[in-house]
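Visitor: Data file my_file38.txt (compact mmCIF, C-alpha atoms and all ligand atoms) is appended below.
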# COMPACT_ATOMS: atom_id res chain seq x y z
CA MET A 24 0.00 0.00 0.00
CA PRO A 25 1.41 3.39 -0.82
CA LEU A 26 1.32 6.02 1.86
CA THR A 27 -1.97 7.79 2.27
CA HIS A 28 -2.28 11.53 1.93
CA ARG A 29 -1.98 11.97 5.69
CA GLY A 30 0.99 9.66 5.76
CA ARG A 31 2.71 11.60 2.98
CA GLU A 32 2.01 14.84 4.76
CA ILE A 33 3.53 13.58 8.01
CA VAL A 34 6.53 12.04 6.30
CA GLY A 35 7.00 15.22 4.33
CA ARG A 36 7.36 17.21 7.54
CA LEU A 37 10.23 15.06 8.78
CA PRO A 38 13.83 16.03 8.13
CA HIS A 39 15.23 13.77 5.43
CA ASP A 40 17.93 12.24 7.58
CA VAL A 41 15.45 10.81 10.08
CA ALA A 42 15.14 7.09 9.57
CA ILE A 43 11.59 6.15 8.67
CA GLY A 44 10.78 3.10 10.74
CA ARG A 45 7.87 1.17 12.09
CA GLY A 46 5.03 3.23 13.42
CA ILE A 47 5.00 5.79 10.68
CA GLY A 48 3.00 4.84 7.70
CA CYS A 49 2.61 1.17 8.55
CA GLU A 50 0.80 -0.85 6.01
CA ILE A 51 -2.39 -2.02 7.69
CA VAL A 52 -3.74 -5.41 6.66
CA ARG A 53 -7.02 -6.49 8.24
CA HIS A 54 -7.90 -10.17 8.50
CA GLU A 55 -11.68 -10.04 8.67
CA GLU A 56 -12.02 -13.76 9.26
CA LEU A 57 -10.12 -13.45 12.58
CA CYS A 58 -11.80 -10.25 13.75
CA VAL A 59 -14.32 -10.75 16.55
CA GLY A 60 -15.85 -7.33 16.09
CA CYS A 61 -15.00 -6.01 19.54
CA GLY A 62 -14.32 -2.47 18.32
CA THR A 63 -11.08 -2.06 20.25
CA CYS A 64 -9.33 -0.96 17.07
CA ALA A 65 -11.97 1.69 16.45
CA LYS A 66 -11.72 2.89 20.04
CA ASN A 67 -7.97 3.36 19.71
CA CYS A 68 -7.94 4.80 16.25
CA PRO A 69 -6.85 8.46 16.36
CA SER A 70 -8.13 9.31 12.92
CA GLY A 71 -11.49 7.59 12.72
CA ALA A 72 -10.26 5.39 9.90
CA SER A 73 -11.46 2.28 11.76
CA ARG A 74 -15.08 2.59 12.73
CA ARG A 75 -17.26 0.16 14.65
CA GLY A 76 -20.52 -0.42 12.86
CA ASP A 77 -24.01 -1.24 14.08
CA THR A 78 -24.39 -4.07 11.63
CA PHE A 79 -22.94 -7.49 11.22
CA ASP A 80 -22.15 -9.43 8.09
CA VAL A 81 -23.36 -12.98 8.84
CA ASN A 82 -20.98 -14.44 6.30
CA GLN A 83 -18.15 -13.46 8.61
CA LEU A 84 -19.29 -16.24 10.95
CA LEU A 85 -19.09 -18.80 8.21
CA SER A 86 -15.59 -17.82 7.15
CA ALA A 87 -14.14 -17.76 10.69
CA PRO A 88 -11.54 -20.43 11.54
CA ALA A 89 -13.18 -23.64 12.78
CA ASP A 90 -11.38 -23.74 16.12
CA SER A 91 -12.56 -20.29 17.17
CA ARG A 92 -15.76 -19.48 19.02
CA ARG A 93 -16.97 -17.59 16.00
CA GLY A 94 -16.24 -20.58 13.86
CA ALA A 95 -18.24 -22.78 16.23
CA LEU A 96 -21.12 -20.33 16.02
CA GLY A 97 -20.89 -20.33 12.25
CA ALA A 98 -20.86 -24.14 12.16
CA ALA A 99 -23.96 -24.32 14.38
CA LEU A 100 -25.73 -21.78 12.20
CA GLN A 101 -24.75 -23.64 9.08
CA ARG A 102 -26.30 -26.86 10.39
CA ILE A 103 -29.76 -25.40 10.84
CA ALA A 104 -29.63 -22.95 7.94
CA ARG A 105 -32.38 -23.21 5.36
CA HIS A 106 -30.67 -20.93 2.87
CA ALA A 107 -27.48 -18.96 2.56
CA PRO A 108 -27.39 -16.15 5.08
CA ALA A 109 -28.60 -12.71 4.23
CA ARG A 110 -25.52 -10.57 4.26
CA VAL A 111 -26.07 -7.96 6.90
CA ILE A 112 -28.13 -7.82 10.09
CA ALA A 113 -28.52 -5.05 12.64
CA VAL A 114 -26.83 -5.68 15.99
CA PRO A 115 -28.61 -4.79 19.25
CA GLU A 116 -26.92 -2.19 21.37
CA ARG A 117 -25.72 -4.41 24.20
CA VAL A 118 -24.21 -7.02 21.98
CA THR A 119 -20.71 -5.64 22.13
CA VAL A 120 -18.91 -8.00 19.81
CA PHE A 121 -20.17 -9.37 16.49
CA ARG A 122 -19.89 -6.11 14.69
CA THR A 123 -18.46 -5.38 11.33
CA ILE A 124 -15.60 -2.90 11.44
CA PHE A 125 -15.39 -0.39 8.65
CA TYR A 126 -11.87 0.54 7.69
CA ASP A 127 -11.11 3.47 5.46
CA GLU A 128 -7.69 3.19 3.90
CA GLU A 129 -7.69 6.81 2.81
CA GLU A 130 -8.21 8.16 6.32
CA CYS A 131 -5.68 5.83 7.89
CA LEU A 132 -2.52 7.39 9.33
CA GLY A 133 -0.75 4.09 9.45
CA CYS A 134 -0.03 4.60 13.13
CA GLY A 135 -0.58 0.97 14.01
CA ALA A 136 -2.58 1.64 17.17
CA CYS A 137 -5.31 -0.68 15.97
CA ALA A 138 -2.90 -3.54 15.37
CA ARG A 139 -1.24 -3.07 18.75
CA ASN A 140 -4.55 -3.20 20.59
CA CYS A 141 -6.38 -5.91 18.74
CA PRO A 142 -6.91 -8.80 21.17
CA VAL A 143 -6.93 -11.48 18.49
CA GLU A 144 -4.23 -10.12 16.19
CA ALA A 145 -6.62 -9.67 13.34
CA ILE A 146 -4.72 -6.62 12.13
CA GLU A 147 -1.23 -6.72 10.77
CA ALA A 148 0.88 -3.59 10.69
CA ARG A 149 3.61 -4.17 8.16
CA PRO A 150 6.45 -1.72 7.95
CA ALA A 151 5.96 0.30 4.84
CA VAL A 152 8.70 0.77 2.32
CA VAL A 153 8.95 4.52 2.12
CA PRO A 154 10.78 6.23 -0.70
CA ALA A 155 11.53 9.08 1.70
CA ALA A 156 13.05 11.88 -0.30
CA PRO A 157 11.00 11.65 -3.52
CA ALA A 158 7.77 11.33 -1.56
CA ALA A 159 8.67 14.42 0.43
CA GLU A 160 9.41 16.35 -2.72
CA SER A 161 6.25 15.39 -4.48
CA THR A 162 4.03 16.60 -1.66
CA SER A 163 5.84 19.75 -0.60
CA MET B 2 -23.92 -27.34 27.52
CA SER B 3 -26.96 -29.33 28.29
CA GLY B 4 -25.02 -32.40 27.35
CA ALA B 5 -26.64 -35.71 26.63
CA ARG B 6 -30.03 -34.51 27.73
CA VAL B 7 -30.53 -32.66 24.50
CA GLU B 8 -31.55 -35.44 22.24
CA ALA B 9 -32.01 -35.71 18.53
CA PRO B 10 -35.74 -35.32 18.23
CA ALA B 11 -36.88 -36.20 14.79
CA ALA B 12 -34.54 -38.88 13.64
CA LYS B 13 -33.38 -37.27 10.46
CA PRO B 14 -31.10 -39.50 8.44
CA ALA B 15 -28.49 -36.80 8.71
CA GLY B 16 -28.91 -36.99 12.48
CA ALA B 17 -26.28 -39.73 12.39
CA LYS B 18 -23.52 -37.21 12.96
CA ASN B 19 -25.54 -35.80 15.77
CA SER B 20 -26.12 -39.10 17.55
CA ALA B 21 -22.54 -40.21 17.09
CA ALA B 22 -21.52 -37.48 19.46
CA LYS B 23 -24.11 -38.53 22.04
CA PRO B 24 -24.27 -42.16 23.06
CA GLY B 25 -27.67 -41.75 24.70
CA ALA B 26 -29.23 -40.37 21.60
CA ALA B 27 -27.48 -42.95 19.42
CA LYS B 28 -29.46 -45.73 21.03
CA ARG B 29 -32.68 -43.92 20.44
CA GLY B 30 -31.82 -42.93 16.88
CA GLY B 31 -30.46 -46.37 15.99
CA LYS B 32 -33.92 -47.86 16.23
CA ALA B 33 -35.59 -47.21 13.00
CA VAL B 34 -36.55 -43.77 12.81
CA THR B 35 -40.01 -42.46 13.21
CA PRO B 36 -40.48 -39.06 11.69
CA ASN B 37 -41.31 -36.22 14.02
CA THR B 38 -44.17 -37.57 16.09
CA GLY B 39 -44.69 -34.35 17.91
CA GLU B 40 -41.93 -35.16 20.33
CA ARG B 41 -39.83 -32.06 20.72
CA THR B 42 -37.18 -30.69 22.94
CA ILE B 43 -36.96 -27.25 24.41
CA VAL B 44 -33.91 -26.15 26.31
CA ALA B 45 -34.61 -23.58 28.99
CA PHE B 46 -31.61 -21.64 30.22
CA CYS B 47 -32.70 -20.55 33.67
CA CYS B 48 -31.16 -17.93 35.88
CA SER B 49 -30.36 -19.40 39.29
CA GLU B 50 -31.62 -16.32 41.09
CA CYS B 51 -35.14 -16.31 39.74
CA ALA B 52 -36.34 -18.69 37.05
CA TYR B 53 -34.65 -21.77 38.46
CA ALA B 54 -35.97 -20.92 41.91
CA ALA B 55 -39.41 -20.44 40.40
CA ALA B 56 -39.09 -23.81 38.70
CA ASP B 57 -38.14 -25.33 42.02
CA ALA B 58 -41.14 -23.80 43.70
CA ALA B 59 -43.38 -24.93 40.87
CA ALA B 60 -42.11 -28.46 41.30
CA ASN B 61 -42.70 -28.30 45.03
CA ALA B 62 -46.24 -27.18 44.35
CA ARG B 63 -46.57 -30.17 41.99
CA ALA B 64 -47.36 -28.02 38.99
CA SER B 65 -46.76 -30.04 35.85
CA LEU B 66 -44.34 -28.81 33.22
CA PRO B 67 -44.52 -29.94 29.61
CA PRO B 68 -42.30 -33.04 29.31
CA THR B 69 -40.49 -31.43 26.39
CA VAL B 70 -38.54 -28.94 28.44
CA ARG B 71 -34.99 -29.44 29.72
CA LEU B 72 -33.82 -27.01 32.34
CA VAL B 73 -30.26 -25.76 32.34
CA LEU B 74 -29.08 -23.87 35.38
CA MET B 75 -27.20 -20.68 34.64
CA PRO B 76 -25.66 -18.37 37.24
CA CYS B 77 -27.30 -15.42 35.48
CA THR B 78 -28.90 -15.04 32.09
CA GLY B 79 -26.02 -12.71 31.24
CA ARG B 80 -23.94 -15.88 30.96
CA VAL B 81 -26.00 -17.16 28.06
CA SER B 82 -24.08 -16.57 24.87
CA PRO B 83 -25.29 -16.79 21.29
CA LEU B 84 -23.22 -19.97 21.03
CA HIS B 85 -25.27 -21.64 23.81
CA LEU B 86 -28.51 -20.90 22.01
CA LEU B 87 -27.35 -21.81 18.53
CA SER B 88 -25.60 -25.01 19.51
CA ALA B 89 -28.67 -26.12 21.46
CA LEU B 90 -30.65 -25.76 18.23
CA ALA B 91 -27.94 -27.29 16.07
CA ASP B 92 -27.52 -30.29 18.37
CA GLY B 93 -31.12 -31.36 18.57
CA ALA B 94 -33.32 -28.90 20.43
CA ASP B 95 -36.30 -27.47 18.60
CA GLY B 96 -36.39 -24.35 20.66
CA ALA B 97 -34.36 -22.57 23.29
CA MET B 98 -35.71 -20.22 25.90
CA VAL B 99 -33.91 -17.96 28.31
CA ALA B 100 -35.65 -17.30 31.59
CA GLY B 101 -34.32 -14.48 33.71
CA CYS B 102 -35.25 -11.91 36.29
CA LEU B 103 -37.70 -9.09 35.77
CA GLU B 104 -36.20 -6.12 34.03
CA GLY B 105 -34.27 -4.00 36.48
CA GLN B 106 -34.12 -6.79 39.05
CA CYS B 107 -31.09 -8.69 37.83
CA HIS B 108 -28.92 -9.84 40.69
CA TYR B 109 -25.92 -8.62 38.70
CA ARG B 110 -27.63 -5.42 37.59
CA GLU B 111 -27.86 -5.88 33.86
CA GLY B 112 -27.31 -9.51 33.01
CA ASN B 113 -30.87 -9.90 31.82
CA PHE B 114 -30.63 -6.85 29.58
CA GLN B 115 -27.57 -8.39 27.98
CA ALA B 116 -29.51 -11.60 27.54
CA ILE B 117 -32.45 -9.78 25.96
CA ASP B 118 -30.16 -8.23 23.38
CA ARG B 119 -28.29 -11.46 22.72
CA VAL B 120 -31.55 -13.30 22.22
CA ALA B 121 -32.61 -10.58 19.78
CA PHE B 122 -29.27 -10.98 18.00
CA VAL B 123 -29.69 -14.74 17.72
CA GLN B 124 -33.24 -14.23 16.45
CA ARG B 125 -31.87 -12.02 13.69
CA LEU B 126 -29.18 -14.58 12.90
CA LEU B 127 -31.85 -17.26 12.59
CA GLU B 128 -34.00 -15.04 10.46
CA SER B 129 -31.08 -14.35 8.15
CA VAL B 130 -30.77 -18.06 7.34
CA GLY B 131 -34.49 -18.67 7.01
CA VAL B 132 -35.20 -20.26 10.40
CA GLU B 133 -38.16 -19.08 12.47
CA PRO B 134 -36.91 -16.54 15.02
CA GLU B 135 -39.58 -17.73 17.51
CA ARG B 136 -37.42 -20.74 18.25
CA VAL B 137 -35.40 -18.59 20.60
CA ARG B 138 -37.13 -16.47 23.14
CA MET B 139 -36.53 -14.55 26.34
CA PHE B 140 -38.87 -14.59 29.32
CA THR B 141 -38.61 -12.65 32.54
CA MET B 142 -40.12 -13.52 35.90
CA SER B 143 -39.43 -13.26 39.60
CA ALA B 144 -38.44 -16.10 41.90
CA GLY B 145 -41.73 -15.75 43.75
CA ASP B 146 -43.86 -16.35 40.70
CA PRO B 147 -43.84 -20.06 39.82
CA PRO B 148 -47.09 -19.89 37.79
CA ARG B 149 -45.45 -17.41 35.47
CA PHE B 150 -42.58 -19.80 34.88
CA VAL B 151 -44.97 -22.63 34.13
CA ALA B 152 -46.96 -20.37 31.81
CA ALA B 153 -43.77 -19.32 30.00
CA VAL B 154 -42.71 -22.92 29.42
CA ARG B 155 -46.19 -23.89 28.21
CA GLU B 156 -46.25 -20.90 25.88
CA MET B 157 -42.86 -21.84 24.46
CA ASP B 158 -43.97 -25.45 24.06
CA ARG B 159 -47.11 -24.36 22.25
CA VAL B 160 -45.20 -22.10 19.86
CA ILE B 161 -42.56 -24.72 19.08
CA GLY B 162 -45.26 -27.35 18.62
CA SER B 163 -46.86 -25.24 15.93
CA LEU B 164 -43.64 -24.85 13.91
CA PRO B 165 -42.46 -27.29 11.25
CA PRO B 166 -39.55 -29.51 12.33
CA LEU B 167 -36.11 -27.99 12.18
CA GLY B 168 -33.97 -29.62 9.52
CA ARG B 169 -30.27 -30.13 10.23
CA ALA B 170 -27.42 -30.59 7.87
S1 LIG C 201 -3.27 2.43 11.75
FE1 LIG C 201 -3.92 4.05 13.17
S2 LIG C 201 -5.14 5.44 11.90
FE2 LIG C 201 -4.96 3.54 10.72
S3 LIG C 201 -6.82 2.38 11.28
FE3 LIG C 201 -5.19 1.72 12.68
S4 LIG C 201 -5.44 3.03 14.50
FE4 LIG C 201 -6.60 4.00 12.81
S1 LIG C 202 -9.61 -4.90 17.72
FE1 LIG C 202 -9.26 -6.68 16.36
S2 LIG C 202 -10.90 -8.12 16.91
FE2 LIG C 202 -11.49 -6.15 17.77
S3 LIG C 202 -12.79 -5.25 16.17
FE3 LIG C 202 -10.71 -4.50 15.77
S4 LIG C 202 -9.86 -5.99 14.31
FE4 LIG C 202 -11.67 -6.92 15.18
Can the structure from this file be put into structure tokens for me?
Ligand code: SF4
Ligand code: SF4
Guide:
Amino acid sequence: MPLTHRGREIVGRLPHDVAIGRGIGCEIVRHEELCVGCGTCAKNCPSGASRRGDTFDVNQLLSAPADSRRGALGAALQRIARHAPARVIAVPERVTVFRTIFYDEEECLGCGACARNCPVEAIEARPAVVPAAPAAESTS
Amino acid sequence: MSGARVEAPAAKPAGAKNSAAKPGAAKRGGKAVTPNTGERTIVAFCCSECAYAAADAAANARASLPPTVRLVLMPCTGRVSPLHLLSALADGADGAMVAGCLEGQCHYREGNFQAIDRVAFVQRLLESVGVEPERVRMFTMSAGDPPRFVAAVREMDRVIGSLPPLGRA
């Protein structure tokens, strides 16, 4: 993933001799099948790029790994299902997990706070390869 | 979970997987297979503070419960997770009810509100795959009201009795 506009802006403000390392402009990779929908990432996101929704995509249950609780739930649902699940259902207020997280790549700062705080490691923050000087020139 | 007491009701051929896991049910299912004769199973997850106490009192008063119901003691209905409800249905129950304290009277403050929302969530899950949402239902009652518990179980039994059998893959 290339740096986002915010990422480029931040990197552009750095002096060129500062090493660009982890934590600035990480590449964020979400693994939806592992996510339990707890919203911790959204709570820790400084930019609002990760947002906790009020809906749930039922197909997420079916694609969860079999040895997880979500996977067990999906397997149980699959056994009694009469047809393929409708995609999205509304989630009652007090059901705190089972929510679909909306992630907006464009808003993301690449700070990695979501990945650090995710309890099930559903988010990967990969160090981005930053072409530091050219990127700084092109935005300034 | 409710363990071996949840039995495969309407010996579906595909119930083989189901009965393999449960020796008790295997015996029953091994004998050849009557279709759903109206025998059904309802699992009632009962809060120990109220519904289970009410059930106890009802039993002491010799009130008769429908023979279809299996009681499962929970510390609080807030402990009931969607997985409890769905696996009860997937493993042989025709309906699952959650019986907890009156609203605002939960021993742990809001366990029953959590349960109400989880039941609503499971109902929506069921609806999304074409299963009747009435198969899962929440009831509230106080410990001092055994007739209400009996009425809730009868109501659940009546509703489940009127639904077509639940097919399982
Ligand atoms: S990396 Fe930072 S900005 Fe991007 S989604 Fe995660 S917490 Fe939000
Ligand atoms: S913190 Fe992790 S598990 Fe929780 S909602 Fe975010 S991605 Fe999903």
Visitor: Based on all atoms listed in the file, which of the residues in chain A come within 8 Å of chain B? I want them as a list in words.
Guide: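 Every residue meeting the condition is included here: Val81, Arg92, Ala95, Leu96, Ala99, Leu100, Gln101, Arg102, Ile103, Ala104, Arg105, His106, Ala107, Pro108, Ala109, Arg110, Ile112, Ala113, Val114, Pro115, Glu116, Arg117 and Val118 of chain A.
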Visitor: Would you work out the distance separating atom CA of B:Arg71 from atom CA of B:Ala153, expressed in Å to one decimal?
Guide: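 Interatomic distance here is 13.4 Å.
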Visitor: If I take atom CA of B:Met142 and atom CA of B:Gly162, how far is one from the other in Å, to one decimal?
Guide: 22.7 Å
Visitor: Which chains and residue numbers are within 12 Å of ligand LIG 202 (chain C), counting only C-alpha atoms and all ligand atoms, if I want them as a ChimeraX atom specification?
Guide: /A:51-68,72-76,79,83,87,93,119-126,135-148
Visitor: Which is closest to ligand LIG 201 (chain C) among A:Pro150, A:Pro88, A:Gly71, A:Gly97, if we use all atoms listed in the file?
Guide: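 Comparing A:Pro150, A:Pro88, A:Gly71, A:Gly97 against ligand LIG 201 (chain C), the winner is A:Gly71.
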Visitor: When you draw a straight line from atom CA of B:Val160 to atom CA of B:Ser143, how long is it in Å?
Guide: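 The value is 22.4 Å.
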Visitor: Please determine, counting only C-alpha atoms and all ligand atoms, which residue among A:Cys49, A:Leu84, A:Ile33, A:Ala98 has the shortest atom-to-atom distance to ligand LIG 201 (chain C).
Guide: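 Ranked by minimum distance to ligand LIG 201 (chain C), first place goes to A:Cys49.
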Visitor: Tell me which of A:Pro69, A:Gly30, A:Ala89, A:Gly35 sits closest to ligand LIG 201 (chain C), counting only C-alpha atoms and all ligand atoms.
Guide: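 The closest residue to ligand LIG 201 (chain C) is A:Pro69.
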